[in-house]
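Visitor: Data: query28.txt, compact mmCIF, C-alpha atoms.
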# COMPACT_ATOMS: atom_id res chain seq x y z
CA MET W 1 -10.98 -21.87 25.58
CA PRO W 2 -7.40 -22.33 26.88
CA THR W 3 -6.33 -19.74 29.41
CA PRO W 4 -3.21 -17.65 28.68
CA LYS W 5 -1.36 -19.67 31.32
CA GLU W 6 -2.22 -22.91 29.53
CA ILE W 7 -1.14 -21.50 26.19
CA ALA W 8 2.19 -20.45 27.69
CA GLU W 9 2.67 -23.87 29.29
CA LEU W 10 1.85 -25.59 26.02
CA LEU W 11 4.41 -23.49 24.18
CA LYS W 12 7.05 -24.07 26.86
CA ASN W 13 6.52 -27.85 26.68
CA GLN W 14 6.61 -27.86 22.91
CA PHE W 15 9.58 -25.50 22.47
CA PRO W 16 11.59 -25.63 25.72
CA ASP W 17 14.62 -23.84 24.28
CA ALA W 18 12.77 -21.16 22.36
CA VAL W 19 10.57 -19.54 25.00
CA ILE W 20 12.75 -16.96 26.76
CA ALA W 21 10.27 -15.15 28.97
CA ASP W 22 6.72 -15.83 30.15
CA MET W 23 4.41 -12.84 30.68
CA SER W 24 1.15 -14.76 30.54
CA ASP W 25 -0.27 -13.26 33.75
CA GLY W 26 -0.76 -9.64 32.75
CA LEU W 27 -3.33 -7.55 30.97
CA HIS W 28 -1.63 -8.41 27.71
CA PRO W 29 -0.58 -12.07 28.09
CA SER W 30 2.41 -13.00 26.00
CA VAL W 31 5.62 -14.98 25.78
CA THR W 32 8.95 -13.91 24.35
CA VAL W 33 10.50 -16.36 21.91
CA THR W 34 13.73 -16.44 19.95
CA ALA W 35 13.77 -15.16 16.40
CA GLN W 36 15.18 -18.47 15.12
CA ALA W 37 12.29 -20.53 16.47
CA TRP W 38 9.56 -18.03 15.61
CA PRO W 39 8.50 -19.53 12.23
CA GLN W 40 7.98 -23.00 13.73
CA ILE W 41 6.15 -21.55 16.73
CA ALA W 42 3.93 -19.49 14.43
CA ARG W 43 2.98 -22.56 12.42
CA PHE W 44 2.34 -24.50 15.62
CA LEU W 45 0.13 -21.73 17.01
CA ARG W 46 -1.97 -21.71 13.87
CA ASP W 47 -2.16 -25.45 13.13
CA ASP W 48 -2.36 -27.07 16.56
CA PRO W 49 -6.06 -27.89 17.20
CA ARG W 50 -5.77 -26.93 20.88
CA LEU W 51 -4.73 -23.38 19.98
CA ALA W 52 -5.91 -22.72 16.40
CA MET W 53 -4.73 -19.11 16.39
CA ASN W 54 -6.14 -18.57 12.93
CA MET W 55 -5.99 -14.79 12.87
CA LEU W 56 -3.12 -12.36 13.28
CA ARG W 57 -4.65 -9.16 14.57
CA LEU W 58 -1.65 -6.88 14.35
CA ILE W 59 2.11 -6.66 14.51
CA SER W 60 3.53 -3.91 16.68
CA ALA W 61 7.19 -3.01 16.54
CA VAL W 62 8.70 -1.30 19.57
CA ASP W 63 12.01 0.53 19.48
CA LEU W 64 13.68 -0.18 22.82
CA HIS W 65 16.31 2.56 22.39
CA PRO W 66 18.85 2.98 24.05
CA GLU W 67 18.77 -0.81 24.38
CA PRO W 68 19.94 -1.92 20.91
CA GLN W 69 16.87 -4.01 20.19
CA ILE W 70 13.49 -3.82 18.50
CA GLU W 71 10.65 -5.90 19.82
CA LEU W 72 7.98 -7.27 17.52
CA VAL W 73 4.65 -8.07 19.17
CA TYR W 74 2.39 -10.44 17.26
CA ASP W 75 -1.18 -10.28 18.59
CA LEU W 76 -3.06 -13.47 17.78
CA ILE W 77 -6.65 -14.51 18.22
CA SER W 78 -8.47 -17.78 17.65
CA LEU W 79 -11.86 -17.35 16.04
CA ARG W 80 -14.48 -19.97 15.37
CA PRO W 81 -17.44 -19.33 13.06
CA PRO W 82 -20.79 -19.27 14.89
CA ALA W 83 -23.22 -22.17 14.50
CA GLY W 84 -26.08 -19.81 13.77
CA PRO W 85 -26.34 -16.09 13.05
CA GLY W 86 -24.22 -13.93 15.33
CA LEU W 87 -20.68 -12.88 16.08
CA TRP W 88 -17.72 -15.13 15.62
CA GLU W 89 -16.72 -16.85 18.81
CA ASN W 90 -13.49 -15.80 20.47
CA CYS W 91 -11.60 -18.94 21.49
CA GLY W 92 -8.70 -17.18 23.18
CA SER W 93 -6.17 -14.55 22.32
CA PHE W 94 -2.48 -14.40 22.98
CA ALA W 95 0.61 -12.41 22.00
CA VAL W 96 4.11 -13.49 21.06
CA ARG W 97 7.09 -11.18 21.33
CA VAL W 98 10.23 -11.52 19.24
CA ARG W 99 13.31 -9.40 19.86
CA VAL W 100 15.72 -8.59 17.06
CA PRO W 101 18.84 -6.41 17.04
CA ARG W 102 18.25 -2.79 16.11
CA ASP W 103 20.94 -2.77 13.45
CA GLY W 104 20.63 -5.46 10.81
CA GLY W 105 17.89 -7.27 12.68
CA ARG W 106 16.22 -9.93 10.57
CA VAL W 107 13.34 -12.25 11.25
CA ARG W 108 11.54 -14.77 9.08
CA SER W 109 8.33 -13.43 7.54
CA VAL W 110 5.08 -15.09 8.60
CA ALA W 111 3.13 -13.76 5.62
CA ASP W 112 2.74 -17.33 4.35
CA ILE W 113 1.15 -18.36 7.65
CA TRP W 114 -1.14 -15.35 8.21
CA PRO W 115 -1.68 -13.17 5.09
CA THR W 116 -2.30 -10.18 7.41
CA ALA W 117 1.40 -10.17 8.13
CA ASN W 118 2.23 -9.06 4.61
CA TRP W 119 1.31 -5.38 5.03
CA HIS W 120 2.08 -5.27 8.75
CA GLU W 121 5.62 -6.47 8.15
CA ARG W 122 6.02 -3.94 5.38
CA GLU W 123 4.95 -1.24 7.84
CA ALA W 124 7.39 -2.49 10.49
CA TYR W 125 10.12 -2.38 7.87
CA ASP W 126 9.11 1.08 6.63
CA LEU W 127 8.85 2.81 9.98
CA LEU W 128 11.34 0.90 12.16
CA GLY W 129 13.66 -0.87 9.75
CA VAL W 130 13.15 -4.51 10.73
CA GLU W 131 13.90 -6.71 7.75
CA PHE W 132 11.82 -9.77 7.04
CA ASP W 133 13.33 -12.77 5.27
CA GLN W 134 11.27 -14.45 2.54
CA HIS W 135 8.69 -11.68 2.52
CA PRO W 136 6.68 -11.84 -0.74
CA ASP W 137 6.83 -8.06 -1.33
CA PRO W 138 9.55 -6.41 0.77
CA ARG W 139 8.94 -2.75 -0.07
CA ARG W 140 8.08 0.31 1.98
CA ILE W 141 4.33 0.74 2.47
CA LEU W 142 3.79 4.36 3.62
CA CYS W 143 6.89 6.42 2.90
CA PRO W 144 8.05 7.03 -0.68
CA ASP W 145 10.45 4.44 -2.07
CA ASP W 146 13.37 6.91 -2.05
CA TRP W 147 12.87 7.89 1.59
CA ALA W 148 15.99 7.85 3.77
CA GLY W 149 15.86 6.19 7.17
CA HIS W 150 13.07 4.75 9.26
CA PRO W 151 10.98 7.55 10.80
CA LEU W 152 9.68 5.95 14.00
CA ARG W 153 13.12 5.03 15.30
CA LYS W 154 13.88 7.00 18.45
CA ASP W 155 17.15 8.34 17.04
CA TYR W 156 15.70 9.28 13.64
CA GLU W 157 17.08 12.49 12.17
CA PHE W 158 14.44 14.59 10.43
CA PRO W 159 15.21 15.21 6.75
CA LYS W 160 16.53 18.65 5.78
CA GLU W 161 14.90 18.49 2.39
CA TYR W 162 13.07 16.00 0.19
CA GLN W 163 13.33 16.14 -3.62
CA GLY W 164 14.32 19.81 -3.43
CA ILE W 165 11.52 20.86 -1.06
CA PRO W 166 12.95 22.34 2.14
CA ALA W 167 11.74 20.32 5.11
CA ALA W 168 13.12 22.30 8.03
CA THR W 169 11.78 25.85 8.32
CA ALA W 170 12.94 28.25 11.04
CA GLU W 171 9.89 27.41 13.15
CA ALA W 172 10.28 23.70 12.55
CA SER W 173 13.93 23.52 13.58
CA SER W 174 13.85 25.99 16.48
CA GLY W 175 12.07 23.62 18.84
CA ASP W 176 13.57 21.25 21.37
CA LYS W 177 14.98 18.09 19.92
CA VAL W 178 12.56 15.20 19.96
CA THR W 179 15.15 12.47 19.92
CA LYS W 180 16.57 11.82 23.34
CA MET F 1 -4.18 34.66 -17.81
CA GLY F 2 -3.73 33.00 -21.09
CA TRP F 3 -3.40 34.20 -24.66
CA ILE F 4 -5.26 37.48 -24.24
CA GLN F 5 -3.54 38.94 -21.22
CA ASN F 6 -1.23 41.99 -21.39
CA ARG F 7 -1.57 42.45 -25.16
CA PHE F 8 -3.49 45.71 -25.55
CA GLU F 9 -3.09 49.40 -24.75
CA GLU F 10 -5.32 50.60 -21.98
CA ASN F 11 -8.39 52.46 -23.24
CA PHE F 12 -12.16 52.66 -22.87
CA ILE F 13 -12.88 49.53 -24.89
CA ILE F 14 -10.30 47.48 -23.05
CA THR F 15 -11.66 48.42 -19.64
CA SER F 16 -15.16 47.43 -20.74
CA VAL F 17 -13.93 44.12 -22.11
CA ASP F 18 -11.99 43.64 -18.90
CA TRP F 19 -15.11 44.14 -16.88
CA ALA F 20 -17.06 41.61 -18.92
CA LEU F 21 -14.26 39.02 -18.95
CA ASN F 22 -13.59 39.34 -15.24
CA TRP F 23 -17.30 39.21 -14.45
CA ALA F 24 -17.55 35.96 -16.39
CA ARG F 25 -14.43 34.50 -14.83
CA GLN F 26 -15.21 35.37 -11.25
CA GLY F 27 -18.65 33.84 -11.66
CA SER F 28 -17.46 30.49 -13.00
CA ILE F 29 -14.49 29.39 -10.94
CA TRP F 30 -14.63 25.64 -11.31
CA PRO F 31 -12.65 23.93 -8.55
CA MET F 32 -10.93 20.60 -8.87
CA THR F 33 -12.26 17.61 -6.93
CA PHE F 34 -9.21 17.27 -4.78
CA GLY F 35 -9.18 16.64 -1.04
CA LEU F 36 -6.23 15.50 1.04
CA ALA F 37 -7.48 15.32 4.62
CA CYS F 38 -10.16 16.55 7.02
CA CYS F 39 -10.34 20.01 5.35
CA ALA F 40 -11.85 18.19 2.38
CA ILE F 41 -14.88 17.32 4.53
CA GLU F 42 -15.50 21.03 5.10
CA MET F 43 -14.96 21.63 1.40
CA MET F 44 -17.63 19.02 0.63
CA ALA F 45 -19.95 20.70 3.12
CA ALA F 46 -19.32 24.02 1.41
CA GLY F 47 -20.27 22.45 -1.88
CA ALA F 48 -23.44 20.84 -0.54
CA SER F 49 -26.87 22.42 -0.17
CA ARG F 50 -26.50 24.11 3.22
CA PHE F 51 -23.63 26.38 2.17
CA ASP F 52 -23.97 25.94 -1.58
CA LEU F 53 -20.80 27.06 -3.31
CA ASP F 54 -22.83 27.16 -6.53
CA ARG F 55 -24.21 30.56 -5.47
CA PHE F 56 -20.77 31.89 -6.44
CA GLY F 57 -20.52 29.83 -9.60
CA ALA F 58 -17.92 27.63 -7.96
CA GLY F 59 -19.97 24.52 -7.32
CA ALA F 60 -18.98 22.59 -10.42
CA PHE F 61 -16.25 20.40 -8.94
CA ARG F 62 -14.44 18.97 -11.93
CA ALA F 63 -12.97 15.49 -11.74
CA THR F 64 -10.02 16.39 -13.94
CA PRO F 65 -7.45 19.19 -13.62
CA ARG F 66 -7.82 19.94 -17.34
CA GLN F 67 -11.30 21.38 -16.77
CA ALA F 68 -10.55 23.16 -13.49
CA ASP F 69 -9.69 26.79 -12.75
CA LEU F 70 -9.12 26.50 -9.03
CA MET F 71 -7.19 24.02 -6.94
CA ILE F 72 -8.35 24.04 -3.33
CA VAL F 73 -5.51 22.33 -1.49
CA ALA F 74 -7.64 20.99 1.33
CA GLY F 75 -5.54 19.07 3.81
CA THR F 76 -2.11 17.97 4.91
CA VAL F 77 0.40 17.94 2.07
CA THR F 78 2.92 15.15 2.57
CA PHE F 79 6.23 14.89 0.77
CA LYS F 80 4.92 11.85 -1.03
CA MET F 81 1.95 13.89 -2.30
CA ALA F 82 4.00 16.97 -3.25
CA SER F 83 5.09 15.72 -6.67
CA ARG F 84 1.48 14.74 -7.46
CA ILE F 85 0.22 18.20 -6.51
CA VAL F 86 2.78 19.84 -8.78
CA ARG F 87 1.75 17.53 -11.60
CA LEU F 88 -1.95 18.34 -11.12
CA TYR F 89 -1.17 22.06 -10.99
CA ASN F 90 0.80 21.82 -14.23
CA GLN F 91 -2.10 20.01 -15.91
CA MET F 92 -4.54 22.84 -15.15
CA PRO F 93 -5.13 25.36 -17.97
CA GLU F 94 -4.47 29.08 -17.51
CA PRO F 95 -5.86 31.12 -15.83
CA LYS F 96 -5.48 29.00 -12.71
CA TYR F 97 -5.69 29.78 -9.04
CA VAL F 98 -4.67 27.97 -5.86
CA MET F 99 -6.29 28.26 -2.46
CA ALA F 100 -4.37 27.00 0.58
CA MET F 101 -7.08 25.76 2.92
CA GLY F 102 -6.29 25.08 6.56
CA ALA F 103 -3.32 25.27 8.90
CA CYS F 104 -1.48 22.23 7.47
CA THR F 105 -1.54 23.61 3.96
CA ILE F 106 -0.51 27.13 4.99
CA GLY F 107 2.52 26.18 7.06
CA GLY F 108 2.52 22.59 8.23
CA GLY F 109 0.04 23.22 11.04
CA PRO F 110 0.36 20.79 13.95
CA TYR F 111 2.97 18.85 11.95
CA CYS F 112 5.23 21.86 11.55
CA LYS F 113 7.71 20.91 14.25
CA TYR F 114 7.36 17.16 14.74
CA GLY F 115 6.10 15.96 11.39
CA TYR F 116 8.86 14.32 9.42
CA HIS F 117 6.60 13.78 6.42
CA VAL F 118 4.74 17.09 5.98
CA VAL F 119 5.54 19.89 3.54
CA LYS F 120 5.77 23.06 5.65
CA GLY F 121 3.39 25.06 3.49
CA VAL F 122 2.07 24.29 0.03
CA ASP F 123 3.50 27.63 -1.19
CA LEU F 124 6.89 25.89 -1.21
CA ILE F 125 5.74 23.85 -4.21
CA VAL F 126 2.96 25.82 -6.00
CA PRO F 127 2.07 29.57 -5.98
CA VAL F 128 -0.85 30.33 -3.68
CA ASP F 129 -3.46 33.06 -4.27
CA VAL F 130 -5.59 32.88 -1.14
CA TYR F 131 -4.75 31.51 2.32
CA ILE F 132 -7.65 30.34 4.47
CA PRO F 133 -6.67 29.80 8.12
CA GLY F 134 -8.48 27.39 10.41
CA CYS F 135 -8.20 23.79 11.53
CA PRO F 136 -10.26 23.01 9.60
CA PRO F 137 -11.80 26.26 8.31
CA ARG F 138 -15.59 26.30 8.45
CA PRO F 139 -17.41 26.41 5.12
CA GLU F 140 -18.08 30.12 5.76
CA SER F 141 -14.31 30.68 5.78
CA LEU F 142 -13.93 28.83 2.51
CA ILE F 143 -16.69 30.97 0.99
CA GLU F 144 -14.97 34.10 2.32
CA GLY F 145 -11.73 32.93 0.72
CA LEU F 146 -13.56 32.34 -2.53
CA MET F 147 -14.97 35.87 -2.43
CA ARG F 148 -11.48 37.27 -1.87
CA LEU F 149 -10.34 35.27 -4.89
CA GLN F 150 -13.19 36.82 -6.86
CA ASP F 151 -11.93 40.26 -5.76
CA LYS F 152 -8.53 39.29 -7.08
CA ILE F 153 -9.93 38.13 -10.40
CA ARG F 154 -11.87 41.41 -10.79
CA GLN F 155 -8.53 43.29 -10.65
CA GLU F 156 -7.16 41.50 -13.70
CA THR F 157 -6.78 43.23 -17.05
CA ILE F 158 -5.95 42.35 -20.62
CA ALA F 159 -4.06 45.63 -20.98
CA LYS F 160 -0.28 45.77 -21.10
CA ARG F 161 1.30 46.47 -17.75
CA VAL F 162 3.30 49.68 -17.63
Please re-express this file's structure in structure tokens.
Guide:
Amino acid sequence: MPTPKEIAELLKNQFPDAVIADMSDGLHPSVTVTAQAWPQIARFLRDDPRLAMNMLRLISAVDLHPEPQIELVYDLISLRPPAGPGLWENCGSFAVRVRVPRDGGRVRSVADIWPTANWHEREAYDLLGVEFDQHPDPRRILCPDDWAGHPLRKDYEFPKEYQGIPAATAEASSGDKVTK
Amino acid sequence: MGWIQNRFEENFIITSVDWALNWARQGSIWPMTFGLACCAIEMMAAGASRFDLDRFGAGAFRATPRQADLMIVAGTVTFKMASRIVRLYNQMPEPKYVMAMGACTIGGGPYCKYGYHVVKGVDLIVPVDVYIPGCPPRPESLIEGLMRLQDKIRQETIAKRV
């Protein structure tokens, strides 16, 4: 099993211009890469026999407001089927971070590399407004299709009404403002 | 309540018919199988053997709104769900009743202030007969709410209102 340090070194050797930051020595080892190089790095992570990151566990999107950026965290794990009965063997896990601009940020979809990414990218689009190029099904996943805005953005304004139903009652609007 | 309501003068016969009709109605309130969140778990418990909603004639959970008399709105009503709830309510035949079960359904509950997606009370979209507070209400509370609904049904009349 390659250690996180070795994975980071491997990526830095393979893509010297793409790896911006190395955070492989924490509780959540990761590297930050550029959005342009991310599709090639993703394919390398999955197909290289030394890494074989064959499963995407989750995509987190982090709104870095007031910094005008959103960070996508792709958590990857390499699993090998067991020889006999038992659990699948964990052959190392690693995370890759990609930063995109808050407004009009776009990144290439990796749904063709890991099918898990399909719904996770739809969720990142729905709740934080990151757009994914070449996504097979670029719709919202949780909110209704006619919803305005992306609710988990830090500067999201709550709707006043939705399809004629008042959304802000006296109690609901009297409180302190959440968005700071 | 349907074709018969408010059509007759009030007299001895009408009050007797009222009593019989209301007795039949209050003893056969069929709810709709309709759960939205954790309150639905308590609703299922109320329907199961320990609490046994069938003692009140309300244990026949119908899987279609067209056969149901009562909609127990059990759980958080989101804006996405609101149009579906209105559609289900419109599909129910008269006489129909709505119970708002739990804090979310009554007024948004914990999502009242910081929930961007929650309808702040189901009475904004459908008329509500009985409100059952709790988070979630225990099955005893649901049964109490059902008995209050039965009280309400017993007050109905087919006589013309003056």
Visitor: Residues within 10 Å of stretch 162-166 of chain W, please, as a PyMOL selection string. Count all atoms listed in the file; anything in the same chain fewer than 2 positions from it doesn't count.
Guide: (chain W and resi 146-148+159-160+168-169) or (chain F and resi 79-80+82-83+117+119-120+124-125)
Visitor: Of the candidates F:Pro93, F:Pro127, F:Pro139, F:Pro110, which shows the shortest atom-to-atom distance to F:Cys39, using all atoms listed in the file?
Guide: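 Looking at the shortest contact to F:Cys39, the residue is F:Pro139.
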Visitor: Do you know which residues are at most 7 Å from F:Tyr97 counting all atoms listed in the file, after dropping those on the same chain fewer than 6 positions away, and could you put them as a JSON list (two decimals) with C-alpha atoms, in the frame of the given file?
Guide:
[["chain", "number", "residue", "atom", "x", "y", "z"],
["F", 69, "ASP", "CA", -9.69, 26.79, -12.75],
["F", 70, "LEU", "CA", -9.12, 26.50, -9.03],
["F", 71, "MET", "CA", -7.19, 24.02, -6.94],
["F", 129, "ASP", "CA", -3.46, 33.06, -4.27]]
Visitor: Counting all atoms listed in the file, write as a ChimeraX atom specification all protein and nucleic acid residues lying at most 7 Å from (0.6, -14.3, 22.0) in the file's frame.
Guide: /W:29-31,74-76,93-96
Visitor: Find the residues of chain F in contact range of chain W, meaning any atom within 6 Å when counting only C-alpha atoms, and list them as an MDAnalysis selection string.
Guide: chainID F and resid 80 112:113 116
Visitor: Quick one: residues within 12 Å of W:Met53, only C-alpha atoms, excluding same-chain residues fewer than 6 positions away - as a PDB file with C-alpha atoms, keeping the file's coordinate frame?
Guide:
ATOM      1  CA  MET W   1     -10.980 -21.870  25.580  1.00  0.00           C
ATOM      2  CA  PRO W   2      -7.400 -22.330  26.880  1.00  0.00           C
ATOM      3  CA  ILE W   7      -1.140 -21.500  26.190  1.00  0.00           C
ATOM      4  CA  ILE W  41       6.150 -21.550  16.730  1.00  0.00           C
ATOM      5  CA  ALA W  42       3.930 -19.490  14.430  1.00  0.00           C
ATOM      6  CA  ARG W  43       2.980 -22.560  12.420  1.00  0.00           C
ATOM      7  CA  PHE W  44       2.340 -24.500  15.620  1.00  0.00           C
ATOM      8  CA  LEU W  45       0.130 -21.730  17.010  1.00  0.00           C
ATOM      9  CA  ARG W  46      -1.970 -21.710  13.870  1.00  0.00           C
ATOM     10  CA  ASP W  47      -2.160 -25.450  13.130  1.00  0.00           C
ATOM     11  CA  TYR W  74       2.390 -10.440  17.260  1.00  0.00           C
ATOM     12  CA  ASP W  75      -1.180 -10.280  18.590  1.00  0.00           C
ATOM     13  CA  LEU W  76      -3.060 -13.470  17.780  1.00  0.00           C
ATOM     14  CA  ILE W  77      -6.650 -14.510  18.220  1.00  0.00           C
ATOM     15  CA  SER W  78      -8.470 -17.780  17.650  1.00  0.00           C
ATOM     16  CA  LEU W  79     -11.860 -17.350  16.040  1.00  0.00           C
ATOM     17  CA  ARG W  80     -14.480 -19.970  15.370  1.00  0.00           C
ATOM     18  CA  ASN W  90     -13.490 -15.800  20.470  1.00  0.00           C
ATOM     19  CA  CYS W  91     -11.600 -18.940  21.490  1.00  0.00           C
ATOM     20  CA  GLY W  92      -8.700 -17.180  23.180  1.00  0.00           C
ATOM     21  CA  SER W  93      -6.170 -14.550  22.320  1.00  0.00           C
ATOM     22  CA  PHE W  94      -2.480 -14.400  22.980  1.00  0.00           C
ATOM     23  CA  ALA W  95       0.610 -12.410  22.000  1.00  0.00           C
ATOM     24  CA  VAL W  96       4.110 -13.490  21.060  1.00  0.00           C
ATOM     25  CA  ILE W 113       1.150 -18.360   7.650  1.00  0.00           C
ATOM     26  CA  TRP W 114      -1.140 -15.350   8.210  1.00  0.00           C
TER      27      TRP W 114
END
Visitor: Calculate how many Å separate atom CA of F:Thr15 from atom CA of F:Arg154, rounding to one decimal.
Guide: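 Atom CA of F:Arg154 lies 11.3 Å from atom CA of F:Thr15.
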Visitor: Mind listing whatever residues come within 12 Å of the point (-0.1, 30.9, -8.2)? Use only C-alpha atoms, file coordinates, and give them as JSON, numbers by chain.
Guide: {"F": [1, 69, 70, 71, 72, 86, 89, 90, 92, 94, 95, 96, 97, 98, 99, 100, 122, 123, 124, 125, 126, 127, 128, 129, 130, 131, 149, 152]}
Visitor: When you look at F:Arg138 with a cut-off of 10 Å (counting only C-alpha atoms), what residues show up, excluding the ones that are within fewer than 3 positions of it in the same chain? I need them as a ChimeraX atom specification.
Guide: /F:39,41-43,45-46,102,132-135,141-144
Visitor: Can you work out the spacing between atom CA of W:Pro82 and atom CA of W:Asn54 in Å, to one decimal?
Guide: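 Here the two named atoms are 14.8 Å from each other.
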Visitor: As an exercise, work out the distance from atom CA of W:Lys154 to atom CA of W:Trp38 in Å and give it to one decimal place.
Guide: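 Taking atom CA of W:Lys154 and atom CA of W:Trp38, their separation equals 25.6 Å.
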Visitor: List as a list in words the protein and nucleic acid residues near F:Gln155, meaning an atom at most 10 Å away when only C-alpha atoms are counted, but skip any in the same chain fewer than 3 places from it.
Guide: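 Using only C-alpha atoms, the neighbours found are Asp18, Trp19, Asn22, Gln150, Asp151 and Lys152 of chain F.
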Visitor: Using only C-alpha atoms, which of the listed residues (F:Ala74, F:Trp23, F:Ser28, F:Gly57) sits closest to F:Met44?
Guide: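 Result for the nearest residue to F:Met44: F:Ala74.
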Visitor: From the set F:Ile153, F:Glu9, F:Met101, F:Ala63, which residue has the shortest atom-to-atom contact distance to F:Gly27, counting only C-alpha atoms?
Guide: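 So, comparing all the options, the nearest one is F:Ile153.
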Visitor: Just checking: using all atoms listed in the file, which residue out of W:Glu121, W:Asp25, W:Arg139, W:Phe132 ends up closest to W:Ser60?
Guide: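 Closest residue, counting all atoms listed in the file: W:Glu121.
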Visitor: Out of F:Pro137, F:Ala20, F:Ala159, F:Ala58, which residue has the shortest atom-to-atom distance to F:Ala40 when counting only C-alpha atoms?
Guide: F:Pro137
Visitor: Please rebuild stretch 122-141 of chain F with N, CA and C atoms and return the result as an mmCIF file, in the coordinates of the input.
Guide:
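Saved the output as out_7.cif:
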data_model
loop_
_atom_site.group_PDB
_atom_site.id
_atom_site.type_symbol
_atom_site.label_atom_id
_atom_site.label_comp_id
_atom_site.auth_asym_id
_atom_site.auth_seq_id
_atom_site.Cartn_x
_atom_site.Cartn_y
_atom_site.Cartn_z
ATOM 1 N N VAL F 122 2.162 24.707 1.429
ATOM 2 C CA VAL F 122 2.070 24.290 0.030
ATOM 3 C C VAL F 122 2.666 25.360 -0.872
ATOM 4 N N ASP F 123 2.895 26.593 -0.352
ATOM 5 C CA ASP F 123 3.500 27.630 -1.190
ATOM 6 C C ASP F 123 4.974 27.336 -1.472
ATOM 7 N N LEU F 124 5.531 26.310 -0.846
ATOM 8 C CA LEU F 124 6.890 25.890 -1.210
ATOM 9 C C LEU F 124 6.906 25.127 -2.527
ATOM 10 N N ILE F 125 5.748 24.653 -2.973
ATOM 11 C CA ILE F 125 5.740 23.850 -4.210
ATOM 12 C C ILE F 125 4.875 24.452 -5.314
ATOM 13 N N VAL F 126 3.768 25.150 -4.973
ATOM 14 C CA VAL F 126 2.960 25.820 -6.000
ATOM 15 C C VAL F 126 2.628 27.234 -5.508
ATOM 16 N N PRO F 127 2.453 28.225 -6.422
ATOM 17 C CA PRO F 127 2.070 29.570 -5.980
ATOM 18 C C PRO F 127 0.654 29.591 -5.452
ATOM 19 N N VAL F 128 0.451 30.312 -4.351
ATOM 20 C CA VAL F 128 -0.850 30.330 -3.680
ATOM 21 C C VAL F 128 -1.468 31.715 -3.822
ATOM 22 N N ASP F 129 -2.765 31.779 -4.157
ATOM 23 C CA ASP F 129 -3.460 33.060 -4.270
ATOM 24 C C ASP F 129 -4.134 33.466 -2.975
ATOM 25 N N VAL F 130 -4.834 32.531 -2.343
ATOM 26 C CA VAL F 130 -5.590 32.880 -1.140
ATOM 27 C C VAL F 130 -5.250 31.868 -0.048
ATOM 28 N N TYR F 131 -4.979 32.374 1.155
ATOM 29 C CA TYR F 131 -4.750 31.510 2.320
ATOM 30 C C TYR F 131 -5.976 31.559 3.211
ATOM 31 N N ILE F 132 -6.479 30.400 3.603
ATOM 32 C CA ILE F 132 -7.650 30.340 4.470
ATOM 33 C C ILE F 132 -7.234 29.671 5.773
ATOM 34 N N PRO F 133 -7.080 30.426 6.860
ATOM 35 C CA PRO F 133 -6.670 29.800 8.120
ATOM 36 C C PRO F 133 -7.826 29.047 8.771
ATOM 37 N N GLY F 134 -7.485 28.180 9.696
ATOM 38 C CA GLY F 134 -8.480 27.390 10.410
ATOM 39 C C GLY F 134 -8.038 25.948 10.473
ATOM 40 N N CYS F 135 -8.651 25.184 11.387
ATOM 41 C CA CYS F 135 -8.200 23.790 11.530
ATOM 42 C C CYS F 135 -9.379 22.916 11.910
ATOM 43 N N PRO F 136 -10.206 22.483 10.960
ATOM 44 C CA PRO F 136 -10.260 23.010 9.600
ATOM 45 C C PRO F 136 -11.089 24.282 9.535
ATOM 46 N N PRO F 137 -10.963 25.068 8.455
ATOM 47 C CA PRO F 137 -11.800 26.260 8.310
ATOM 48 C C PRO F 137 -13.252 25.839 8.104
ATOM 49 N N ARG F 138 -14.170 26.600 8.687
ATOM 50 C CA ARG F 138 -15.590 26.300 8.450
ATOM 51 C C ARG F 138 -15.937 26.651 7.002
ATOM 52 N N PRO F 139 -17.027 26.091 6.501
ATOM 53 C CA PRO F 139 -17.410 26.410 5.120
ATOM 54 C C PRO F 139 -17.551 27.916 4.883
ATOM 55 N N GLU F 140 -17.997 28.675 5.903
ATOM 56 C CA GLU F 140 -18.080 30.120 5.760
ATOM 57 C C GLU F 140 -16.725 30.714 5.423
ATOM 58 N N SER F 141 -15.660 30.182 6.063
ATOM 59 C CA SER F 141 -14.310 30.680 5.780
ATOM 60 C C SER F 141 -13.920 30.382 4.349
#
